[in-house]
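Source file: run-v3.cif. Holds: mmCIF, C-alpha atoms.
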data_entry
loop_
_atom_site.label_atom_id
_atom_site.label_comp_id
_atom_site.auth_asym_id
_atom_site.auth_seq_id
_atom_site.Cartn_x
_atom_site.Cartn_y
_atom_site.Cartn_z
CA MET A 1 3.07 -11.61 -17.21
CA LYS A 2 1.31 -9.16 -19.48
CA ILE A 3 3.43 -6.18 -20.43
CA PHE A 4 1.72 -2.81 -20.56
CA HIS A 5 2.85 -0.73 -23.54
CA LYS A 6 2.32 2.95 -23.00
CA VAL A 7 0.03 4.61 -25.48
CA ALA A 8 -0.97 8.19 -26.00
CA LEU A 9 -3.69 8.85 -23.49
CA ILE A 10 -6.42 11.39 -24.01
CA SER A 11 -5.87 14.11 -21.46
CA VAL A 12 -8.59 15.23 -19.14
CA SER A 13 -8.87 18.53 -20.98
CA SER A 14 -9.17 16.79 -24.36
CA ALA A 15 -11.83 14.44 -23.05
CA LEU A 16 -13.75 17.39 -21.74
CA LEU A 17 -13.46 19.07 -25.12
CA PHE A 18 -15.09 16.04 -26.73
CA THR A 19 -17.87 16.12 -24.14
CA SER A 20 -18.56 19.80 -24.77
CA CYS A 21 -18.79 19.17 -28.52
CA GLY A 22 -21.90 17.08 -28.22
CA GLU A 23 -21.01 13.77 -26.59
CA LYS A 24 -23.71 12.70 -24.13
CA LYS A 25 -23.25 14.28 -20.73
CA ALA A 26 -22.89 12.06 -17.66
CA GLU A 27 -26.09 10.86 -16.08
CA ASP A 28 -27.30 13.09 -13.27
CA ASN A 29 -28.30 10.15 -11.06
CA THR A 30 -26.50 7.30 -9.36
CA ILE A 31 -27.75 4.45 -7.19
CA PHE A 32 -27.90 7.02 -4.39
CA GLY A 33 -29.90 9.65 -6.25
CA GLU A 34 -29.13 12.98 -7.90
CA VAL A 35 -25.53 14.10 -8.23
CA LYS A 36 -25.34 17.50 -6.60
CA GLY A 37 -23.70 19.31 -3.72
CA ASN A 38 -20.16 19.48 -2.39
CA ILE A 39 -18.04 16.55 -1.25
CA ILE A 40 -14.75 16.41 0.63
CA VAL A 41 -12.31 13.75 -0.57
CA LEU A 42 -9.61 12.66 1.88
CA THR A 43 -6.36 11.63 0.22
CA ASN A 44 -2.89 10.49 1.19
CA ARG A 45 -1.47 11.96 -2.04
CA THR A 46 -0.06 15.17 -0.62
CA ASP A 47 2.28 15.39 -3.60
CA ILE A 48 -0.40 15.85 -6.28
CA VAL A 49 -3.28 17.48 -4.41
CA ASP A 50 -2.58 20.82 -6.11
CA THR A 51 -1.74 19.40 -9.53
CA LYS A 52 -3.04 16.10 -10.92
CA LEU A 53 -5.99 15.85 -8.58
CA GLN A 54 -7.10 19.31 -9.67
CA ASP A 55 -7.35 17.99 -13.24
CA TYR A 56 -9.72 15.29 -12.03
CA LYS A 57 -11.70 17.84 -10.05
CA MET A 58 -12.12 19.98 -13.15
CA GLY A 59 -13.19 17.02 -15.26
CA PHE A 60 -15.68 15.82 -12.70
CA GLU A 61 -17.26 19.22 -12.13
CA LEU A 62 -17.72 19.77 -15.87
CA LEU A 63 -19.52 16.45 -16.12
CA TYR A 64 -21.60 17.25 -13.03
CA PRO A 65 -22.12 21.04 -12.94
CA ASN A 66 -24.29 20.84 -9.83
CA ALA A 67 -21.54 19.13 -7.84
CA SER A 68 -18.16 20.21 -6.51
CA VAL A 69 -15.12 18.54 -4.98
CA GLU A 70 -12.70 19.61 -2.29
CA PHE A 71 -9.57 17.66 -1.34
CA GLU A 72 -8.03 17.26 2.06
CA ALA A 73 -4.50 15.88 1.84
CA ILE A 74 -3.22 14.12 4.96
CA THR A 75 0.42 13.20 5.56
CA ASP A 76 -0.11 10.74 8.43
CA TYR A 77 -3.16 9.35 6.69
CA GLU A 78 -3.70 6.16 8.69
CA GLY A 79 -3.31 7.71 12.13
CA THR A 80 -5.20 10.91 11.39
CA VAL A 81 -8.16 9.30 9.66
CA ARG A 82 -8.60 6.58 12.26
CA THR A 83 -8.70 9.28 14.94
CA ARG A 84 -11.25 11.31 13.02
CA MET A 85 -13.44 8.26 12.56
CA SER A 86 -14.38 8.58 16.22
CA THR A 87 -16.50 11.50 14.96
CA LYS A 88 -18.73 11.83 11.90
CA GLU A 89 -16.29 14.21 10.19
CA TYR A 90 -14.01 12.09 8.04
CA GLY A 91 -14.80 13.41 4.61
CA ASP A 92 -17.36 12.11 2.13
CA VAL A 93 -14.96 9.88 0.17
CA LEU A 94 -11.90 8.36 1.78
CA CYS A 95 -9.27 5.73 1.12
CA LYS A 96 -10.03 2.80 3.41
CA PRO A 97 -7.78 2.75 6.50
CA ASN A 98 -6.85 -0.52 8.21
CA LEU A 99 -10.06 -1.68 9.85
CA ASN A 100 -11.65 -5.00 10.72
CA ALA A 101 -14.31 -5.90 8.18
CA VAL A 102 -16.92 -6.31 10.92
CA ASP A 103 -16.66 -2.55 11.52
CA TYR A 104 -17.27 -1.53 7.89
CA PRO A 105 -21.07 -1.04 8.27
CA SER A 106 -20.49 1.37 11.16
CA PHE A 107 -18.33 3.68 9.07
CA PHE A 108 -18.92 3.08 5.35
CA GLU A 109 -21.90 3.06 3.00
CA PRO A 110 -22.53 -0.28 1.19
CA LEU A 111 -21.81 0.00 -2.54
CA GLY A 112 -23.32 -3.21 -3.88
CA GLU A 113 -23.22 -6.99 -3.83
CA LEU A 114 -19.89 -8.80 -3.65
CA SER A 115 -20.95 -11.24 -6.39
CA ASP A 116 -21.48 -8.35 -8.82
CA PHE A 117 -18.12 -6.78 -8.01
CA SER A 118 -16.29 -10.12 -8.24
CA ALA A 119 -17.62 -10.63 -11.75
CA GLU A 120 -16.05 -7.36 -12.90
CA TYR A 121 -12.99 -6.79 -10.67
CA ASN A 122 -10.02 -8.67 -9.28
CA PHE A 123 -8.83 -8.31 -5.67
CA THR A 124 -12.33 -8.66 -4.26
CA ASN A 125 -11.60 -11.72 -2.11
CA THR A 126 -8.22 -11.26 -0.48
CA ALA A 127 -6.81 -10.69 2.99
CA THR A 128 -7.54 -7.00 2.42
CA PRO A 129 -11.31 -7.38 2.26
CA ILE A 130 -13.54 -4.88 0.51
CA SER A 131 -16.71 -6.52 1.80
CA TYR A 132 -18.50 -7.75 4.88
CA GLN A 133 -21.30 -10.33 4.78
CA ASP A 134 -21.36 -10.15 0.96
CA LYS A 135 -21.83 -6.38 0.87
CA VAL A 136 -19.06 -4.27 -0.69
CA TYR A 137 -17.94 -1.22 1.29
CA ALA A 138 -14.67 -0.32 -0.50
CA PHE A 139 -14.40 0.20 -4.26
CA PRO A 140 -11.28 -1.41 -5.82
CA LEU A 141 -9.41 0.87 -8.24
CA VAL A 142 -5.84 -0.37 -8.45
CA ALA A 143 -3.43 -2.83 -6.88
CA VAL A 144 0.29 -2.48 -6.29
CA VAL A 145 3.15 -4.85 -5.77
CA GLY A 146 3.94 -4.66 -2.09
CA GLY A 147 7.25 -5.17 -0.35
CA GLY A 148 9.51 -4.49 -3.32
CA VAL A 149 12.47 -2.14 -3.50
CA VAL A 150 12.54 1.14 -5.44
CA TYR A 151 16.13 1.74 -6.51
CA ASN A 152 18.32 4.10 -8.50
CA LYS A 153 19.93 2.18 -11.35
CA SER A 154 22.77 4.69 -11.77
CA VAL A 155 23.82 4.21 -8.13
CA PHE A 156 23.85 0.44 -8.56
CA ARG A 157 25.87 0.80 -11.80
CA GLU A 158 28.39 3.06 -10.08
CA ALA A 159 28.77 0.50 -7.30
CA GLY A 160 29.20 -2.26 -9.88
CA VAL A 161 26.38 -4.43 -8.57
CA ALA A 162 23.46 -6.15 -10.22
CA VAL A 163 19.94 -6.42 -8.87
CA PRO A 164 20.32 -8.78 -5.88
CA ARG A 165 18.34 -12.01 -5.79
CA THR A 166 19.11 -13.19 -2.26
CA THR A 167 19.38 -11.59 1.15
CA GLU A 168 23.16 -12.06 1.21
CA ASP A 169 23.42 -10.51 -2.25
CA PHE A 170 21.40 -7.59 -0.93
CA TYR A 171 23.77 -6.96 1.96
CA ALA A 172 26.74 -7.20 -0.42
CA ALA A 173 25.14 -4.72 -2.83
CA LEU A 174 24.48 -2.22 -0.04
CA GLU A 175 28.05 -2.65 1.22
CA ALA A 176 29.35 -1.91 -2.28
CA ILE A 177 27.20 1.22 -2.55
CA LYS A 178 28.51 2.39 0.81
CA ALA A 179 32.12 1.75 -0.19
CA LYS A 180 32.12 2.95 -3.81
CA THR A 181 29.59 5.78 -3.96
CA ALA A 182 28.52 8.82 -1.96
CA ALA A 183 24.93 7.55 -1.76
CA VAL A 184 23.13 6.30 1.32
CA PRO A 185 22.70 2.58 0.49
CA LEU A 186 19.16 2.23 1.86
CA CYS A 187 16.93 4.88 3.42
CA MET A 188 14.77 3.64 6.29
CA ASN A 189 12.85 6.92 6.69
CA TYR A 190 12.51 6.26 10.41
CA PRO A 191 10.83 9.59 11.34
CA ALA A 192 7.98 9.06 8.86
CA GLN A 193 7.15 5.83 10.73
CA TRP A 194 4.57 4.60 8.20
CA THR A 195 7.43 3.88 5.80
CA LEU A 196 8.59 1.10 8.12
CA ASN A 197 5.21 -0.58 7.62
CA GLN A 198 6.02 -0.99 3.93
CA TRP A 199 8.30 -3.90 4.86
CA GLU A 200 5.37 -6.02 6.03
CA ASP A 201 4.21 -6.62 2.47
CA ALA A 202 7.45 -8.50 1.77
CA ALA A 203 6.64 -11.27 4.26
CA ILE A 204 5.03 -13.35 1.54
CA SER A 205 8.32 -13.29 -0.39
CA PHE A 206 9.79 -15.48 2.35
CA SER A 207 6.86 -17.89 2.51
CA GLY A 208 5.53 -18.17 -1.03
CA ASN A 209 2.32 -19.26 0.64
CA SER A 210 -0.90 -17.34 0.05
CA GLU A 211 -2.38 -18.97 3.18
CA PHE A 212 0.39 -17.96 5.56
CA LYS A 213 -1.77 -15.49 7.52
CA ASN A 214 -4.57 -18.01 7.86
CA GLU A 215 -2.05 -20.54 9.17
CA LEU A 216 -0.33 -18.00 11.42
CA ILE A 217 -3.38 -17.64 13.66
CA HIS A 218 -3.11 -21.33 14.62
CA LYS A 219 0.58 -21.21 15.59
CA ASP A 220 1.76 -20.61 19.15
CA SER A 221 5.26 -19.41 18.24
CA PRO A 222 5.46 -18.30 14.60
CA PHE A 223 8.29 -15.79 15.03
CA VAL A 224 11.24 -18.17 14.87
CA ALA A 225 14.17 -18.63 12.48
CA GLY A 226 12.85 -19.77 9.13
CA GLY A 227 9.47 -18.10 9.64
CA GLU A 228 8.54 -15.35 7.20
CA HIS A 229 8.34 -12.54 9.75
CA TYR A 230 11.52 -13.53 11.56
CA GLU A 231 13.50 -13.62 8.31
CA LEU A 232 11.96 -10.41 6.95
CA TYR A 233 12.57 -8.27 10.01
CA ARG A 234 16.00 -9.78 10.47
CA VAL A 235 16.86 -7.99 7.21
CA MET A 236 15.57 -4.68 8.60
CA TYR A 237 17.62 -5.24 11.76
CA GLU A 238 20.81 -6.18 9.88
CA VAL A 239 20.64 -3.25 7.48
CA VAL A 240 20.58 -0.85 10.42
CA LYS A 241 23.08 -2.77 12.57
CA ARG A 242 25.60 -2.95 9.71
CA GLY A 243 25.31 0.77 9.05
CA LEU A 244 23.84 0.34 5.57
CA CYS A 245 21.24 3.08 5.98
CA GLU A 246 21.25 6.78 6.86
CA LYS A 247 23.60 7.71 9.71
CA ASP A 248 21.26 10.14 11.43
CA MET A 249 17.97 8.27 11.73
CA LEU A 250 16.06 11.29 12.98
CA ALA A 251 17.13 13.65 10.20
CA THR A 252 15.37 12.11 7.20
CA ASP A 253 12.21 13.47 5.62
CA TRP A 254 9.82 11.52 3.38
CA GLU A 255 9.38 14.13 0.65
CA LEU A 256 13.10 14.96 0.61
CA SER A 257 14.03 11.27 0.52
CA LYS A 258 12.08 10.82 -2.73
CA GLN A 259 14.08 13.65 -4.30
CA ASP A 260 17.34 12.20 -2.96
CA LEU A 261 16.49 8.80 -4.41
CA ALA A 262 15.67 10.44 -7.74
CA ASP A 263 18.99 12.36 -7.64
CA GLY A 264 21.11 9.33 -6.76
CA LYS A 265 21.84 10.42 -3.19
CA ILE A 266 20.02 7.30 -1.97
CA GLY A 267 20.46 3.84 -3.45
CA CYS A 268 17.11 2.28 -2.59
CA MET A 269 14.05 2.21 -0.33
CA VAL A 270 11.62 -0.59 0.56
CA LEU A 271 8.27 0.61 -0.77
CA GLY A 272 5.28 -0.56 -2.74
CA SER A 273 5.28 -0.07 -6.50
CA TRP A 274 2.93 2.88 -5.96
CA ALA A 275 6.02 4.97 -5.15
CA ILE A 276 7.70 4.52 -8.52
CA PRO A 277 5.86 7.25 -10.46
CA GLN A 278 6.33 9.65 -7.55
CA VAL A 279 10.12 9.20 -7.62
CA ARG A 280 10.32 9.12 -11.42
CA ALA A 281 8.48 12.43 -11.58
CA LEU A 282 11.36 14.00 -9.62
CA ALA A 283 14.22 12.42 -11.60
CA LYS A 284 16.11 14.09 -14.45
CA ASN A 285 16.23 10.66 -16.07
CA PRO A 286 13.06 8.79 -15.00
CA GLU A 287 14.36 5.54 -16.50
CA ASP A 288 17.06 5.49 -13.80
CA ILE A 289 14.36 4.63 -11.27
CA GLY A 290 13.63 0.92 -11.18
CA TYR A 291 11.77 -1.58 -9.06
CA MET A 292 13.18 -4.89 -7.85
CA PRO A 293 11.61 -7.83 -6.02
CA PHE A 294 12.47 -8.13 -2.36
CA PRO A 295 15.71 -10.18 -2.20
CA ALA A 296 14.19 -13.38 -0.87
CA SER A 297 12.87 -16.69 -2.10
CA ALA A 298 10.87 -19.67 -0.91
CA ASN A 299 11.60 -23.21 -2.07
CA GLY A 300 13.87 -21.85 -4.78
CA LYS A 301 11.24 -19.55 -6.27
CA LYS A 302 10.63 -15.82 -6.02
CA TYR A 303 7.28 -14.39 -4.97
CA ALA A 304 5.67 -11.00 -4.64
CA GLU A 305 2.30 -9.96 -3.40
CA ALA A 306 -0.17 -7.97 -5.43
CA VAL A 307 -1.94 -5.79 -2.88
CA LEU A 308 -5.17 -3.86 -3.23
CA ASP A 309 -4.19 -0.21 -2.87
CA MET A 310 -6.34 2.30 -1.04
CA PRO A 311 -9.85 1.29 -2.16
CA LEU A 312 -12.35 4.13 -1.93
CA CYS A 313 -15.18 4.27 0.60
CA ILE A 314 -18.13 6.56 1.26
CA ASN A 315 -18.61 7.94 4.76
CA VAL A 316 -21.84 6.46 6.09
CA HIS A 317 -22.64 9.91 7.52
CA SER A 318 -22.13 11.74 4.21
CA LYS A 319 -24.97 14.06 3.20
CA ASN A 320 -24.06 13.80 -0.50
CA LYS A 321 -23.65 10.07 -1.13
CA ALA A 322 -24.80 10.33 -4.75
CA THR A 323 -21.99 12.78 -5.53
CA ALA A 324 -19.51 10.70 -3.54
CA TYR A 325 -20.40 7.58 -5.52
CA ALA A 326 -20.26 9.50 -8.81
CA TRP A 327 -16.73 10.62 -7.90
CA ILE A 328 -15.62 7.05 -7.26
CA LYS A 329 -17.09 5.87 -10.57
CA TYR A 330 -15.47 8.81 -12.34
CA MET A 331 -12.04 7.87 -10.98
CA SER A 332 -12.62 4.24 -11.96
CA GLU A 333 -14.12 4.66 -15.41
CA LYS A 334 -13.33 8.12 -16.80
CA SER A 335 -9.94 9.12 -15.37
CA ASP A 336 -6.45 7.94 -16.32
CA TRP A 337 -5.61 7.02 -12.72
CA VAL A 338 -4.46 3.48 -13.50
CA ALA A 339 -2.02 4.63 -16.20
CA TYR A 340 -0.87 7.65 -14.21
CA THR A 341 0.01 5.59 -11.13
CA GLU A 342 1.50 2.74 -13.21
CA ALA A 343 -0.47 0.39 -11.00
CA ILE A 344 -2.09 -2.98 -11.56
CA PRO A 345 -5.69 -2.33 -12.65
CA CYS A 346 -8.43 -4.04 -10.66
CA LYS A 347 -10.67 -4.19 -13.72
CA LYS A 348 -10.53 -7.72 -15.10
CA GLY A 349 -8.68 -8.11 -18.40
CA ALA A 350 -6.78 -4.83 -18.18
CA PRO A 351 -2.98 -5.04 -18.82
CA TYR A 352 -0.20 -4.79 -16.23
CA PRO A 353 2.24 -1.84 -16.28
CA ASP A 354 5.68 -2.14 -17.89
CA VAL A 355 7.39 -0.94 -14.71
CA LEU A 356 7.11 -4.50 -13.40
CA SER A 357 9.07 -5.99 -16.30
CA SER A 358 12.08 -6.76 -14.06
CA PHE A 359 9.83 -9.03 -12.02
CA GLY A 360 9.16 -11.01 -15.18
CA GLU A 361 12.89 -11.30 -15.87
CA MET A 362 13.33 -12.92 -12.45
CA ASN A 363 10.30 -15.17 -12.97
CA VAL A 364 8.56 -13.70 -9.94
CA ASN A 365 5.29 -15.38 -9.07
CA TYR A 366 2.49 -12.97 -8.16
CA ILE A 367 0.24 -14.19 -5.38
CA GLN A 368 -2.46 -12.62 -3.27
CA THR A 369 -2.76 -13.27 0.44
CA ALA A 370 -5.78 -15.52 0.75
CA ALA A 371 -8.92 -14.26 2.42
CA PRO A 372 -9.72 -15.85 5.80
CA LYS A 373 -12.37 -18.49 6.23
CA ALA A 374 -15.85 -17.14 6.87
CA SER A 375 -15.67 -18.27 10.50
CA GLU A 376 -12.28 -16.59 10.98
CA GLU A 377 -12.80 -13.23 9.27
CA ASP A 378 -11.60 -11.11 12.17
CA VAL A 379 -9.31 -13.55 13.99
CA PHE A 380 -6.03 -12.27 12.53
CA GLY A 381 -6.95 -8.65 13.24
CA ASN A 382 -8.11 -9.45 16.76
CA LEU A 383 -4.94 -11.41 17.53
CA ASP A 384 -2.84 -8.60 16.11
CA LYS A 385 -4.64 -6.09 18.33
CA GLU A 386 -4.62 -8.25 21.46
CA SER A 387 -0.93 -9.11 21.13
CA GLU A 388 -0.07 -5.49 20.19
CA ILE A 389 2.38 -6.69 17.57
CA GLY A 390 0.82 -4.40 14.97
CA PHE A 391 1.71 -5.93 11.62
CA SER A 392 0.42 -2.84 9.83
CA THR A 393 1.56 -0.28 12.39
CA ASP A 394 4.97 1.08 13.27
CA PRO A 395 5.75 0.81 17.04
CA GLU A 396 7.27 -2.68 16.94
CA LYS A 397 9.19 -1.90 13.75
CA LYS A 398 10.64 1.19 15.42
CA ARG A 399 11.58 -1.13 18.28
CA ILE A 400 13.54 -3.31 15.85
CA VAL A 401 15.37 -0.28 14.47
CA ASP A 402 16.11 1.00 17.98
CA ALA A 403 17.54 -2.38 18.94
CA ALA A 404 19.70 -2.45 15.83
CA MET A 405 21.03 1.02 16.63
CA GLY A 406 21.92 -0.21 20.13
CA SER A 407 19.75 2.38 21.84
CA SER A 408 17.39 -0.01 23.61
CA GLY A 409 19.63 -2.74 24.97
CA GLU A 410 17.58 -5.42 23.22
CA THR A 411 18.65 -7.94 20.60
CA PHE A 412 16.61 -9.04 17.62
CA ASP A 413 16.02 -12.44 19.19
CA ASP A 414 14.83 -10.74 22.39
CA ILE A 415 12.12 -9.01 20.35
CA MET A 416 11.11 -12.16 18.48
CA ALA A 417 10.88 -14.10 21.75
CA ASP A 418 8.65 -11.37 23.16
CA TRP A 419 6.44 -11.47 20.04
CA ASN A 420 6.03 -15.22 20.42
CA GLU A 421 5.10 -14.87 24.09
CA ARG A 422 2.55 -12.13 23.38
CA TRP A 423 1.11 -13.98 20.39
CA ASN A 424 0.72 -17.19 22.37
CA LYS A 425 -0.91 -15.32 25.26
CA ALA A 426 -3.31 -13.54 22.87
CA ARG A 427 -4.35 -16.86 21.33
CA LYS A 428 -5.17 -18.23 24.76
CA THR A 429 -7.03 -15.05 25.78
CA LEU A 430 -9.16 -15.16 22.63
CA GLY A 431 -9.59 -18.92 22.74
CA ILE A 432 -8.00 -19.57 19.34
CA GLU A 433 -7.15 -23.21 18.81
#

Show how you would write the structure in this file as structure tokens.
Amino acid sequence: MKIFHKVALISVSSALLFTSCGEKKAEDNTIFGEVKGNIIVLTNRTDIVDTKLQDYKMGFELLYPNASVEFEAITDYEGTVRTRMSTKEYGDVLCKPNLNAVDYPSFFEPLGELSDFSAEYNFTNTATPISYQDKVYAFPLVAVVGGGVVYNKSVFREAGVAVPRTTEDFYAALEAIKAKTAAVPLCMNYPAQWTLNQWEDAAISFSGNSEFKNELIHKDSPFVAGGEHYELYRVMYEVVKRGLCEKDMLATDWELSKQDLADGKIGCMVLGSWAIPQVRALAKNPEDIGYMPFPASANGKKYAEAVLDMPLCINVHSKNKATAYAWIKYMSEKSDWVAYTEAIPCKKGAPYPDVLSSFGEMNVNYIQTAAPKASEEDVFGNLDKESEIGFSTDPEKKRIVDAAMGSSGETFDDIMADWNERWNKARKTLGIE
């Protein structure tokens, strides 16, 4: 693994100073025409919309004086944006929500040929597609490690536990935190709902198989003991059932939970690596905030998935596509977004961030979920929708938590049996062999 050594980065204001002193100004045209007019950028980053994003706005508008940028920060990004996409009013630039690739042309403007993007960027041919029929509709900026665990090192030290490698070690570590500290061992963030979806990215840690989704669509009953989803969500169930999370499930708040994790009032949370800089920014000692692989293995080896994170799209109905595209290129080529987010850069040859060094110490293998076959591009999504399991949505995960709390009368195996029945029925309905 390449280690990213932090270097002094030129600030936006310094870069602008250099530009004003005679460096060539940005071109006024893009592939869509002249850069002018106002654009609205939808973002899920409610935490930096009034701070860091304003720096980028200032830098962009100085480079393009005939253009302007407005941000619209959305807390429930996925749900809100998908609802708004039933109209034409969903911003000019937006982070791609979960959507079948076949629907991209109806909502997003094509940005170029897939072959050209693949020559310059990684993460262009994965299970999170940026293209449809060789046309790119979502611009890849950064990737994150999904399904890991953000944790407070001081809480783990106080409990006298090391970073757990196995599921049983994980339970033992949480038990020790509960017994020896005042911290909540693991925060589920049940009211936020989308936080429960973060667990899905850890499924590959139990399989170690980049093709597991492509194979899943051909299985009648994949949710059985030993299967990646059964074992993953069994952990979610057990953490709640054993009382290793917050006592009052309805009282937690996402923004407050980040501060509590930073302050050592929470031991850990299952989140993508994108969350690390957000929590570190709130901590008195940022180095106390670490990131560990999900405590699972497959065939004696540890795996983690590198996931494309929120690629940027242009609303097909935008009236200022040239400005929208210029903004995307600005964020990719002129901003310090990759370094600021401590993410994995999509640009080929760029170094990985040092925050993932613990993954190297555990010899974690990074893999990407393989893209589906050309003839099966939308099969997984269609099966997911037909069965209403919702791998990337929260209702069934809330159901697991409710069962673990004892409020629904179900057991974990009841839920898994129901998933198998619905999955099998959906395969028959859609004629999937």

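Every residue within 12 Å of the file position (-22.8, 17.1, 5.5), judged by all atoms listed in the file, is given as A:Gly37, A:Asn38, A:Ile39, A:Ile40, A:Lys88, A:Glu89, A:Tyr90, A:Gly91, A:Asp92, A:Val93, A:Asn315, A:Val316, A:His317, A:Ser318, A:Lys319, A:Asn320, A:Lys321, A:Thr323, A:Ala324.
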
Under the rule that all atoms listed in the file are counted, which of A:Met249, A:Val379, A:Ala176, A:Met188 is the nearest residue to Arg427 in chain A?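 With all atoms listed in the file as the atom set, the closest residue is A:Val379.
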
CA of Gly409 in chain A to CA of Arg422 in chain A: how many Å, to one decimal?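 These two atoms are separated by 19.6 Å.
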
Pairwise distance for CA of Gly146 in chain A and CA of Tyr132 in chain A, rounded to one decimal in Å: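 Result for CA of Gly146 in chain A versus CA of Tyr132 in chain A: 23.7 Å, one decimal.
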
I need the residue set behind the PyMOL selection byres ((chain A and resi 337) around 12) for this file; please write it as a ChimeraX atom specification. /A:9,11-12,52-53,55-56,141-143,274,277,328-336,338-346

Got a sec to resolve the PyMOL selection byres ((chain A and resi 190-206) around 9) on this structure and send the residues as a ChimeraX atom specification? /A:76,78,145-148,187-189,207-210,212,226-229,231-233,236,249-254,270-272,293-298,302-305,307,367-369,391-395,397-398,401

What's the 9 Å shell around Lys213 in chain A, counting only C-alpha atoms, without same-chain residues fewer than 3 positions away, as a list in words?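 Result of the neighbour search: Ala127, Asn209, Ser210, Leu216, Ile217, Thr369, Ala370, Ala371, Pro372 and Phe380 of chain A.
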
To test your reading of the syntax: which residues would the PyMOL selection byres ((chain A and resi 428) around 12) return for the file shown? Reply as a list in words.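 When the PyMOL selection byres ((chain A and resi 428) around 12) is applied, the selected residues are Ile217, His218, Lys219, Asp220, Leu383, Glu386, Ser387, Glu421, Arg422, Trp423, Asn424, Lys425, Ala426, Arg427, Thr429, Leu430, Gly431, Ile432 and Glu433 of chain A.
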
Please report the interatomic distance between CA of Glu377 in chain A and CA of Val102 in chain A in Å with one decimal.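 Straight-line distance from CA of Glu377 in chain A to CA of Val102 in chain A works out to 8.2 Å.
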
Rank nothing, just name the residue among A:Glu109, A:Glu376, A:Glu70, A:Asp418 nearest to Ala138 in chain A, using all atoms listed in the file.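 Looking at the shortest contact to Ala138 in chain A, the residue is A:Glu109.
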
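Closest to Arg45 in chain A among A:Leu174, A:Val149, A:Val144, A:Ala73 is A:Ala73, based on only C-alpha atoms.
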